[in-house]
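Data block for protein_34.pdb (PDB, C-alpha atoms and all ligand atoms):
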```pdb
ATOM      1  CA  MET A   1       6.385  12.864   7.659  1.00  0.00           C
ATOM      2  CA  THR A   2       9.167  10.451   6.879  1.00  0.00           C
ATOM      3  CA  ASP A   3      10.762  10.071   3.426  1.00  0.00           C
ATOM      4  CA  LYS A   4       8.916   6.840   2.908  1.00  0.00           C
ATOM      5  CA  ARG A   5       5.428   7.685   1.792  1.00  0.00           C
ATOM      6  CA  GLY A   6       2.497   6.334  -0.145  1.00  0.00           C
ATOM      7  CA  LEU A   7       0.250   7.982  -2.671  1.00  0.00           C
ATOM      8  CA  PHE A   8      -2.467  10.506  -2.021  1.00  0.00           C
ATOM      9  CA  ILE A   9      -5.225  10.793  -4.631  1.00  0.00           C
ATOM     10  CA  THR A  10      -8.279  13.038  -4.380  1.00  0.00           C
ATOM     11  CA  PHE A  11     -11.561  13.258  -6.292  1.00  0.00           C
ATOM     12  CA  GLU A  12     -13.316  16.563  -6.837  1.00  0.00           C
ATOM     13  CA  GLY A  13     -16.345  17.977  -8.604  1.00  0.00           C
ATOM     14  CA  CYS A  14     -19.616  19.866  -8.204  1.00  0.00           C
ATOM     15  CA  ASP A  15     -22.511  18.265  -6.301  1.00  0.00           C
ATOM     16  CA  GLY A  16     -23.814  15.347  -8.323  1.00  0.00           C
ATOM     17  CA  SER A  17     -20.874  15.312 -10.736  1.00  0.00           C
ATOM     18  CA  GLY A  18     -20.406  11.575 -10.191  1.00  0.00           C
ATOM     19  CA  LYS A  19     -17.089  11.971  -8.359  1.00  0.00           C
ATOM     20  CA  SER A  20     -18.093   9.715  -5.444  1.00  0.00           C
ATOM     21  CA  THR A  21     -19.145   6.972  -7.857  1.00  0.00           C
ATOM     22  CA  GLN A  22     -15.824   7.319  -9.641  1.00  0.00           C
ATOM     23  CA  ALA A  23     -13.858   7.353  -6.374  1.00  0.00           C
ATOM     24  CA  SER A  24     -15.572   4.092  -5.343  1.00  0.00           C
ATOM     25  CA  LEU A  25     -14.913   2.453  -8.710  1.00  0.00           C
ATOM     26  CA  PHE A  26     -11.282   3.559  -8.617  1.00  0.00           C
ATOM     27  CA  ILE A  27     -10.854   2.179  -5.088  1.00  0.00           C
ATOM     28  CA  ALA A  28     -12.409  -1.146  -6.148  1.00  0.00           C
ATOM     29  CA  GLN A  29     -10.068  -1.330  -9.137  1.00  0.00           C
ATOM     30  CA  LEU A  30      -7.049  -0.625  -6.929  1.00  0.00           C
ATOM     31  CA  GLN A  31      -8.134  -3.368  -4.546  1.00  0.00           C
ATOM     32  CA  GLN A  32      -8.662  -5.810  -7.415  1.00  0.00           C
ATOM     33  CA  SER A  33      -5.114  -5.001  -8.495  1.00  0.00           C
ATOM     34  CA  GLY A  34      -3.856  -6.059  -5.071  1.00  0.00           C
ATOM     35  CA  PHE A  35      -3.421  -2.685  -3.373  1.00  0.00           C
ATOM     36  CA  THR A  36      -4.552  -1.933   0.152  1.00  0.00           C
ATOM     37  CA  VAL A  37      -6.395   1.374   0.045  1.00  0.00           C
ATOM     38  CA  THR A  38      -7.332   3.858   2.740  1.00  0.00           C
ATOM     39  CA  ALA A  39     -10.644   5.300   1.518  1.00  0.00           C
ATOM     40  CA  LEU A  40     -11.823   8.559   3.093  1.00  0.00           C
ATOM     41  CA  ARG A  41     -14.323  11.332   2.555  1.00  0.00           C
ATOM     42  CA  ASP A  42     -13.869  14.985   3.422  1.00  0.00           C
ATOM     43  CA  PRO A  43     -15.538  16.184   5.567  1.00  0.00           C
ATOM     44  CA  GLY A  44     -15.820  12.978   7.553  1.00  0.00           C
ATOM     45  CA  ALA A  45     -14.039   9.649   7.903  1.00  0.00           C
ATOM     46  CA  ASN A  46     -13.607   9.727  11.702  1.00  0.00           C
ATOM     47  CA  ALA A  47     -15.856  10.386  14.693  1.00  0.00           C
ATOM     48  CA  ILE A  48     -14.888  14.047  15.146  1.00  0.00           C
ATOM     49  CA  SER A  49     -14.980  15.006  11.461  1.00  0.00           C
ATOM     50  CA  GLU A  50     -18.272  13.165  10.907  1.00  0.00           C
ATOM     51  CA  ARG A  51     -19.832  15.239  13.694  1.00  0.00           C
ATOM     52  CA  ILE A  52     -18.555  18.401  12.049  1.00  0.00           C
ATOM     53  CA  ARG A  53     -19.956  17.120   8.730  1.00  0.00           C
ATOM     54  CA  ALA A  54     -23.368  16.696  10.320  1.00  0.00           C
ATOM     55  CA  ILE A  55     -23.279  20.339  11.497  1.00  0.00           C
ATOM     56  CA  LEU A  56     -22.188  21.551   8.059  1.00  0.00           C
ATOM     57  CA  LEU A  57     -24.790  19.630   6.066  1.00  0.00           C
ATOM     58  CA  ASP A  58     -27.733  20.143   8.426  1.00  0.00           C
ATOM     59  CA  ARG A  59     -30.425  21.812   6.303  1.00  0.00           C
ATOM     60  CA  GLN A  60     -31.697  23.672   9.366  1.00  0.00           C
ATOM     61  CA  HIS A  61     -28.422  25.579   9.731  1.00  0.00           C
ATOM     62  CA  THR A  62     -29.350  28.184   7.126  1.00  0.00           C
ATOM     63  CA  GLU A  63     -27.920  30.971   9.333  1.00  0.00           C
ATOM     64  CA  MET A  64     -24.356  29.582   9.185  1.00  0.00           C
ATOM     65  CA  SER A  65     -21.857  32.312   8.347  1.00  0.00           C
ATOM     66  CA  PRO A  66     -19.549  31.596   5.369  1.00  0.00           C
ATOM     67  CA  TRP A  67     -16.497  32.089   7.617  1.00  0.00           C
ATOM     68  CA  SER A  68     -17.842  29.654  10.185  1.00  0.00           C
ATOM     69  CA  GLU A  69     -18.488  27.221   7.353  1.00  0.00           C
ATOM     70  CA  LEU A  70     -14.942  27.643   6.023  1.00  0.00           C
ATOM     71  CA  LEU A  71     -13.372  27.022   9.419  1.00  0.00           C
ATOM     72  CA  LEU A  72     -15.539  23.990  10.133  1.00  0.00           C
ATOM     73  CA  TYR A  73     -14.450  22.384   6.847  1.00  0.00           C
ATOM     74  CA  GLU A  74     -10.838  23.091   7.778  1.00  0.00           C
ATOM     75  CA  ALA A  75     -11.317  21.727  11.304  1.00  0.00           C
ATOM     76  CA  ALA A  76     -12.799  18.496   9.940  1.00  0.00           C
ATOM     77  CA  ARG A  77      -9.911  18.211   7.474  1.00  0.00           C
ATOM     78  CA  ALA A  78      -7.200  18.896  10.051  1.00  0.00           C
ATOM     79  CA  GLN A  79      -8.522  16.022  12.155  1.00  0.00           C
ATOM     80  CA  MET A  80      -8.612  13.639   9.186  1.00  0.00           C
ATOM     81  CA  VAL A  81      -5.094  14.604   8.095  1.00  0.00           C
ATOM     82  CA  ALA A  82      -3.669  14.041  11.574  1.00  0.00           C
ATOM     83  CA  GLN A  83      -5.659  10.947  12.461  1.00  0.00           C
ATOM     84  CA  GLN A  84      -5.814   9.134   9.125  1.00  0.00           C
ATOM     85  CA  ILE A  85      -4.051  10.553   6.095  1.00  0.00           C
ATOM     86  CA  LYS A  86      -0.556  11.211   7.455  1.00  0.00           C
ATOM     87  CA  PRO A  87      -0.321   7.879   9.317  1.00  0.00           C
ATOM     88  CA  ALA A  88      -1.545   5.963   6.236  1.00  0.00           C
ATOM     89  CA  LEU A  89       0.962   7.700   3.951  1.00  0.00           C
ATOM     90  CA  GLU A  90       3.733   7.011   6.413  1.00  0.00           C
ATOM     91  CA  GLU A  91       2.739   3.339   6.206  1.00  0.00           C
ATOM     92  CA  ASN A  92       3.223   3.604   2.444  1.00  0.00           C
ATOM     93  CA  ARG A  93      -0.457   3.160   1.648  1.00  0.00           C
ATOM     94  CA  ILE A  94      -2.554   4.567  -1.177  1.00  0.00           C
ATOM     95  CA  VAL A  95      -5.015   7.079   0.269  1.00  0.00           C
ATOM     96  CA  VAL A  96      -8.052   7.973  -1.836  1.00  0.00           C
ATOM     97  CA  CYS A  97     -10.105  10.885  -0.564  1.00  0.00           C
ATOM     98  CA  ASP A  98     -13.511  12.002  -1.836  1.00  0.00           C
ATOM     99  CA  ARG A  99     -12.903  15.808  -1.757  1.00  0.00           C
ATOM    100  CA  PHE A 100     -10.051  17.720  -0.091  1.00  0.00           C
ATOM    101  CA  PHE A 101      -8.945  21.370   0.024  1.00  0.00           C
ATOM    102  CA  ASP A 102      -9.754  22.047  -3.644  1.00  0.00           C
ATOM    103  CA  SER A 103     -13.403  21.767  -2.592  1.00  0.00           C
ATOM    104  CA  THR A 104     -12.868  24.631  -0.162  1.00  0.00           C
ATOM    105  CA  THR A 105     -11.223  26.758  -2.840  1.00  0.00           C
ATOM    106  CA  ALA A 106     -14.061  25.987  -5.268  1.00  0.00           C
ATOM    107  CA  TYR A 107     -17.025  26.199  -2.840  1.00  0.00           C
ATOM    108  CA  GLN A 108     -15.975  28.754  -0.223  1.00  0.00           C
ATOM    109  CA  GLY A 109     -13.548  30.710  -2.419  1.00  0.00           C
ATOM    110  CA  TYR A 110     -15.392  30.801  -5.739  1.00  0.00           C
ATOM    111  CA  GLY A 111     -18.899  29.717  -4.704  1.00  0.00           C
ATOM    112  CA  ARG A 112     -19.247  31.827  -1.537  1.00  0.00           C
ATOM    113  CA  GLN A 113     -16.790  34.386  -2.913  1.00  0.00           C
ATOM    114  CA  LEU A 114     -14.625  34.586   0.208  1.00  0.00           C
ATOM    115  CA  ASP A 115     -11.208  36.185  -0.142  1.00  0.00           C
ATOM    116  CA  LEU A 116      -9.155  33.620  -2.064  1.00  0.00           C
ATOM    117  CA  GLN A 117      -5.901  34.355  -0.260  1.00  0.00           C
ATOM    118  CA  LEU A 118      -7.553  33.817   3.112  1.00  0.00           C
ATOM    119  CA  VAL A 119      -9.152  30.601   1.848  1.00  0.00           C
ATOM    120  CA  GLU A 120      -5.741  29.390   0.684  1.00  0.00           C
ATOM    121  CA  ALA A 121      -4.202  30.258   4.046  1.00  0.00           C
ATOM    122  CA  ALA A 122      -7.005  28.371   5.786  1.00  0.00           C
ATOM    123  CA  ASN A 123      -6.436  25.433   3.419  1.00  0.00           C
ATOM    124  CA  ARG A 124      -2.790  25.283   4.418  1.00  0.00           C
ATOM    125  CA  MET A 125      -3.849  25.076   8.058  1.00  0.00           C
ATOM    126  CA  GLY A 126      -6.529  22.450   7.471  1.00  0.00           C
ATOM    127  CA  SER A 127      -4.348  20.248   5.281  1.00  0.00           C
ATOM    128  CA  GLY A 128      -1.164  20.706   7.323  1.00  0.00           C
ATOM    129  CA  GLY A 129       0.532  21.596   4.035  1.00  0.00           C
ATOM    130  CA  LEU A 130      -0.224  18.175   2.552  1.00  0.00           C
ATOM    131  CA  LEU A 131      -0.683  18.163  -1.239  1.00  0.00           C
ATOM    132  CA  PRO A 132      -2.388  15.372  -3.207  1.00  0.00           C
ATOM    133  CA  ASP A 133      -0.157  13.547  -5.716  1.00  0.00           C
ATOM    134  CA  LEU A 134      -3.091  13.486  -8.125  1.00  0.00           C
ATOM    135  CA  THR A 135      -6.455  15.239  -8.102  1.00  0.00           C
ATOM    136  CA  CYS A 136      -9.194  14.137 -10.510  1.00  0.00           C
ATOM    137  CA  ILE A 137     -11.832  16.802 -11.072  1.00  0.00           C
ATOM    138  CA  ILE A 138     -14.967  15.378 -12.691  1.00  0.00           C
ATOM    139  CA  ASP A 139     -16.203  18.296 -14.753  1.00  0.00           C
ATOM    140  CA  ALA A 140     -19.871  18.542 -15.728  1.00  0.00           C
ATOM    141  CA  ASP A 141     -22.443  21.224 -16.536  1.00  0.00           C
ATOM    142  CA  PRO A 142     -24.349  22.109 -13.312  1.00  0.00           C
ATOM    143  CA  ARG A 143     -27.606  22.363 -15.265  1.00  0.00           C
ATOM    144  CA  LEU A 144     -27.329  18.729 -16.341  1.00  0.00           C
ATOM    145  CA  ILE A 145     -26.150  17.740 -12.871  1.00  0.00           C
ATOM    146  CA  ARG A 146     -29.136  19.448 -11.294  1.00  0.00           C
ATOM    147  CA  LYS A 147     -31.550  17.464 -13.438  1.00  0.00           C
ATOM    148  CA  ARG A 148     -29.840  14.260 -12.330  1.00  0.00           C
ATOM    149  CA  ILE A 149     -29.870  15.258  -8.625  1.00  0.00           C
ATOM    150  CA  VAL A 150     -33.543  16.151  -8.609  1.00  0.00           C
ATOM    151  CA  LYS A 151     -34.331  12.852 -10.320  1.00  0.00           C
ATOM    152  CA  ARG A 152     -32.108  10.847  -7.960  1.00  0.00           C
ATOM    153  CA  LEU A 153     -32.843  12.447  -4.587  1.00  0.00           C
ATOM    154  CA  GLY A 154     -36.168  14.061  -5.265  1.00  0.00           C
ATOM    155  CA  GLY A 155     -34.857  17.126  -3.397  1.00  0.00           C
ATOM    156  CA  ALA A 156     -31.705  18.957  -2.339  1.00  0.00           C
ATOM    157  CA  ASP A 157     -29.577  19.370   0.807  1.00  0.00           C
ATOM    158  CA  ARG A 158     -28.473  22.721   2.258  1.00  0.00           C
ATOM    159  CA  MET A 159     -25.549  23.021  -0.119  1.00  0.00           C
ATOM    160  CA  GLU A 160     -27.473  21.925  -3.176  1.00  0.00           C
ATOM    161  CA  SER A 161     -30.219  24.420  -2.410  1.00  0.00           C
ATOM    162  CA  ALA A 162     -27.717  27.233  -2.905  1.00  0.00           C
ATOM    163  CA  GLY A 163     -28.691  27.052  -6.539  1.00  0.00           C
ATOM    164  CA  LEU A 164     -27.459  26.920 -10.031  1.00  0.00           C
ATOM    165  CA  ALA A 165     -25.510  30.188 -10.039  1.00  0.00           C
ATOM    166  CA  PHE A 166     -23.552  28.972  -7.014  1.00  0.00           C
ATOM    167  CA  GLN A 167     -22.754  25.632  -8.655  1.00  0.00           C
ATOM    168  CA  GLU A 168     -21.689  27.440 -11.817  1.00  0.00           C
ATOM    169  CA  ARG A 169     -19.216  29.537  -9.786  1.00  0.00           C
ATOM    170  CA  VAL A 170     -17.960  26.361  -8.131  1.00  0.00           C
ATOM    171  CA  ARG A 171     -17.420  24.809 -11.552  1.00  0.00           C
ATOM    172  CA  GLN A 172     -15.518  27.878 -12.733  1.00  0.00           C
ATOM    173  CA  GLY A 173     -13.395  27.605  -9.578  1.00  0.00           C
ATOM    174  CA  TYR A 174     -12.510  24.025 -10.418  1.00  0.00           C
ATOM    175  CA  LEU A 175     -11.636  24.989 -13.992  1.00  0.00           C
ATOM    176  CA  ARG A 176      -9.248  27.648 -12.659  1.00  0.00           C
ATOM    177  CA  ILE A 177      -7.661  25.211 -10.215  1.00  0.00           C
ATOM    178  CA  ALA A 178      -7.072  22.733 -13.061  1.00  0.00           C
ATOM    179  CA  GLU A 179      -5.609  25.464 -15.228  1.00  0.00           C
ATOM    180  CA  ALA A 180      -3.293  26.695 -12.476  1.00  0.00           C
ATOM    181  CA  GLU A 181      -1.962  23.262 -11.459  1.00  0.00           C
ATOM    182  CA  PRO A 182      -1.863  20.988 -14.521  1.00  0.00           C
ATOM    183  CA  LEU A 183       0.748  18.659 -13.013  1.00  0.00           C
ATOM    184  CA  ARG A 184      -1.293  17.806  -9.946  1.00  0.00           C
ATOM    185  CA  VAL A 185      -4.831  18.262 -11.260  1.00  0.00           C
ATOM    186  CA  ALA A 186      -6.529  16.369 -14.097  1.00  0.00           C
ATOM    187  CA  LEU A 187      -9.817  17.638 -15.520  1.00  0.00           C
ATOM    188  CA  ILE A 188     -11.973  14.644 -16.472  1.00  0.00           C
ATOM    189  CA  PRO A 189     -14.974  15.275 -18.761  1.00  0.00           C
ATOM    190  CA  GLY A 190     -18.007  14.105 -16.797  1.00  0.00           C
ATOM    191  CA  ASP A 191     -20.462  13.915 -19.703  1.00  0.00           C
ATOM    192  CA  ARG A 192     -19.395  10.395 -20.711  1.00  0.00           C
ATOM    193  CA  SER A 193     -20.663   7.052 -19.459  1.00  0.00           C
ATOM    194  CA  ILE A 194     -19.616   5.899 -15.987  1.00  0.00           C
ATOM    195  CA  ALA A 195     -17.490   3.130 -17.540  1.00  0.00           C
ATOM    196  CA  GLU A 196     -15.730   5.542 -19.924  1.00  0.00           C
ATOM    197  CA  ILE A 197     -14.887   7.956 -17.114  1.00  0.00           C
ATOM    198  CA  GLN A 198     -13.641   5.063 -15.004  1.00  0.00           C
ATOM    199  CA  ARG A 199     -11.339   3.908 -17.842  1.00  0.00           C
ATOM    200  CA  HIS A 200     -10.067   7.452 -18.352  1.00  0.00           C
ATOM    201  CA  ILE A 201      -9.129   7.778 -14.671  1.00  0.00           C
ATOM    202  CA  TRP A 202      -7.492   4.352 -14.517  1.00  0.00           C
ATOM    203  CA  GLN A 203      -5.402   5.047 -17.620  1.00  0.00           C
ATOM    204  CA  LEU A 204      -4.339   8.368 -16.136  1.00  0.00           C
ATOM    205  CA  PHE A 205      -3.343   6.660 -12.894  1.00  0.00           C
ATOM    206  CA  VAL A 206      -1.419   3.901 -14.664  1.00  0.00           C
ATOM    207  CA  SER A 207       0.444   6.331 -16.921  1.00  0.00           C
ATOM    208  CA  ARG A 208       1.386   8.623 -14.019  1.00  0.00           C
ATOM    209  CA  PHE A 209       2.269   6.008 -11.455  1.00  0.00           C
ATOM    210  CA  GLN A 210       3.464   3.010 -13.425  1.00  0.00           C
ATOM    211  CA  ARG A 211       6.400   2.605 -11.058  1.00  0.00           C
ATOM    212  CA  ILE A 212       3.944   2.033  -8.209  1.00  0.00           C
ATOM    213  CA  LEU A 213       2.058  -0.626 -10.122  1.00  0.00           C
ATOM    214  CA  THR A 214       5.261  -2.524 -10.791  1.00  0.00           C
ATOM    215  CA  GLY A 215       6.001  -2.337  -7.059  1.00  0.00           C
ATOM    216  CA  ARG A 216       9.436  -0.791  -7.414  1.00  0.00           C
ATOM    217  CA  ASP A 217       9.059   2.226  -5.157  1.00  0.00           C
ATOM    218  CA  LEU A 218       6.373   1.051  -2.785  1.00  0.00           C
ATOM    219  CA  GLY A 219       6.626  -2.331  -1.103  1.00  0.00           C
ATOM    220  CA  GLU A 220       4.218  -4.718  -2.853  1.00  0.00           C
ATOM    221  CA  GLY A 221       3.264  -6.341   0.417  1.00  0.00           C
ATOM    222  CA  GLU A 222       2.250  -3.063   1.959  1.00  0.00           C
ATOM    223  CA  ILE A 223       0.001  -1.568  -0.656  1.00  0.00           C
TER     224      ILE A 223
HETATM  225  P1  LIG A 301     -20.191  15.494  -0.612  1.00  0.00           P
HETATM  226  O1  LIG A 301     -21.656  15.445  -0.888  1.00  0.00           O
HETATM  227  O2  LIG A 301     -19.372  15.388  -1.831  1.00  0.00           O
HETATM  228  O3  LIG A 301     -19.745  14.591   0.470  1.00  0.00           O
HETATM  229  O4  LIG A 301     -19.889  16.978  -0.088  1.00  0.00           O
HETATM  230  C1  LIG A 301     -20.679  17.582   0.859  1.00  0.00           C
HETATM  231  C2  LIG A 301     -20.905  19.051   0.557  1.00  0.00           C
HETATM  232  O5  LIG A 301     -19.886  19.828   1.186  1.00  0.00           O
HETATM  233  C3  LIG A 301     -20.878  19.409  -0.900  1.00  0.00           C
HETATM  234  O6  LIG A 301     -21.989  20.227  -1.177  1.00  0.00           O
HETATM  235  C4  LIG A 301     -19.613  20.202  -1.062  1.00  0.00           C
HETATM  236  C5  LIG A 301     -19.424  20.809   0.288  1.00  0.00           C
HETATM  237  N1  LIG A 301     -18.037  21.150   0.628  1.00  0.00           N
HETATM  238  C6  LIG A 301     -17.673  22.488   0.740  1.00  0.00           C
HETATM  239  O7  LIG A 301     -18.482  23.388   0.534  1.00  0.00           O
HETATM  240  N2  LIG A 301     -16.392  22.784   1.091  1.00  0.00           N
HETATM  241  C7  LIG A 301     -15.456  21.830   1.355  1.00  0.00           C
HETATM  242  O8  LIG A 301     -14.308  22.150   1.684  1.00  0.00           O
HETATM  243  C8  LIG A 301     -15.854  20.435   1.227  1.00  0.00           C
HETATM  244  C9  LIG A 301     -14.850  19.358   1.511  1.00  0.00           C
HETATM  245  C10 LIG A 301     -17.140  20.151   0.871  1.00  0.00           C
END
```

Take the structure from the file and write it as structure tokens.
Amino acid sequence: MTDKRGLFITFEGCDGSGKSTQASLFIAQLQQSGFTVTALRDPGANAISERIRAILLDRQHTEMSPWSELLLYEAARAQMVAQQIKPALEENRIVVCDRFFDSTTAYQGYGRQLDLQLVEAANRMGSGGLLPDLTCIIDADPRLIRKRIVKRLGGADRMESAGLAFQERVRQGYLRIAEAEPLRVALIPGDRSIAEIQRHIWQLFVSRFQRILTGRDLGEGEI
């Protein structure tokens, strides 16, 4: 990486927390404000990582070992970091990613209860040591989320089938991540209206990165 770099912002939360909706709204608001945004999802966002995503989320793969799962998430991420995130940051862009390594800590570390130190070591490999500048965790009660998911999808994918206890552990994982890294990670209450959550996130972004919005540190033409 060169000295010149953009901004890397990630969205996190349990299944159905509304984080993807909020990521999309945030991206749209950035674009309306004149920024060029690289929008990604993890796992996914390129041909190789999307194929890995399909393996991971295939409901028929119920026999997948938790370690295999962990390494596949990291493999998908490593490809996205090398192919998309690092080049975009070097071009001084704003990169917004729907999930990143905090998902692995929350889902594989806390949810699947794999050794946290090994998960963190794997995260360092998958992310190439790259840290988000800001991570927004949309926090919501899995029981309420579940009701919404069932209503919306009329079913559940492989991950969602893992059940309420799993999602509750994932949520606890996110709460611990937010507690441990208050400078990087913001915990956003997810029990408000979509518009209120969107405003909350935008205000947070503006207050943290005002210098970017005024175009002093990042070239206005480039972002
Ligand atoms: P998505 O629905 O938000 O795209 O995420 C797909 C599923 O993958 C979701 O259930 C969370 C799960 N996941 C992990 O278990 N570990 C990870 O590292 C990531 C990125 C996602």

All residues within 9 Å of ligand LIG 301 (chain A) are required, counting all atoms listed in the file; please report them as an MDAnalysis selection string. chainID A and resid 12:16 19:20 41:44 53 56:57 69:70 72:74 76:77 98:108 111:112 123 157:160

Hey, what comes out of the PyMOL selection byres (((chain A and resi 136-149) around 9) and not hetatm) on this file? Could you write it as a PyMOL selection string? chain A and resi 9-19+22+134-135+150-156+160+163-165+167-168+171+174-175+178+184-191+197+201

What do you get, as a PDB file with C-alpha atoms, keeping the file's coordinate frame, if you spell out every residue that the PyMOL selection byres (((chain A and resi 89) around 10) and not hetatm) selects here?
```pdb
ATOM      1  CA  MET A   1       6.385  12.864   7.659  1.00  0.00           C
ATOM      2  CA  THR A   2       9.167  10.451   6.879  1.00  0.00           C
ATOM      3  CA  LYS A   4       8.916   6.840   2.908  1.00  0.00           C
ATOM      4  CA  ARG A   5       5.428   7.685   1.792  1.00  0.00           C
ATOM      5  CA  GLY A   6       2.497   6.334  -0.145  1.00  0.00           C
ATOM      6  CA  LEU A   7       0.250   7.982  -2.671  1.00  0.00           C
ATOM      7  CA  PHE A   8      -2.467  10.506  -2.021  1.00  0.00           C
ATOM      8  CA  THR A  38      -7.332   3.858   2.740  1.00  0.00           C
ATOM      9  CA  GLN A  84      -5.814   9.134   9.125  1.00  0.00           C
ATOM     10  CA  ILE A  85      -4.051  10.553   6.095  1.00  0.00           C
ATOM     11  CA  LYS A  86      -0.556  11.211   7.455  1.00  0.00           C
ATOM     12  CA  PRO A  87      -0.321   7.879   9.317  1.00  0.00           C
ATOM     13  CA  ALA A  88      -1.545   5.963   6.236  1.00  0.00           C
ATOM     14  CA  GLU A  90       3.733   7.011   6.413  1.00  0.00           C
ATOM     15  CA  GLU A  91       2.739   3.339   6.206  1.00  0.00           C
ATOM     16  CA  ASN A  92       3.223   3.604   2.444  1.00  0.00           C
ATOM     17  CA  ARG A  93      -0.457   3.160   1.648  1.00  0.00           C
ATOM     18  CA  ILE A  94      -2.554   4.567  -1.177  1.00  0.00           C
ATOM     19  CA  VAL A  95      -5.015   7.079   0.269  1.00  0.00           C
TER      20      VAL A  95
END
```

Measure the distance from atom CA of A:Leu183 to atom CA of A:Leu130 in Å and round it to one decimal. 15.6 Å

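Atom CA of A:Asp58 is positioned 20.6 Å from atom CA of A:Ala78.
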
Within 8 Å of A:Gln198, counting all atoms listed in the file, which residues show up once you throw out same-chain ones fewer than 2 positions away? Write them as number ranges by chain, please. A: 22, 25-26, 194-196, 200-202

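Atom pair atom CA of A:Ala23 / atom CA of A:Val96: separated by 7.4 Å.
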
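Among the candidates A:Ser207, A:Gln117, A:Thr214, A:Gln79, the one nearest to A:Glu50 when counting all atoms listed in the file is A:Gln79.
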
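Distances from A:Val119, A:Gln210, A:Leu30, A:Phe35 to A:Leu71 were compared using all atoms listed in the file, and the smallest one belongs to A:Val119.
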
Can you sort out the box for stretch 161-180 of chain A, edges along x, y and z, all listed atoms in, 3 Å on every side, with centre and edge lengths in Å to one decimal, as AutoDock Vina command-line options?
```
--center_x -16.8 --center_y 26.5 --center_z -8.8 --size_x 32.9 --size_y 13.5 --size_z 18.8
```

Nearest-residue call for A:Ser24, choices A:Ile52, A:Cys97, A:Ala45, A:Met125, using all atoms listed in the file: A:Cys97
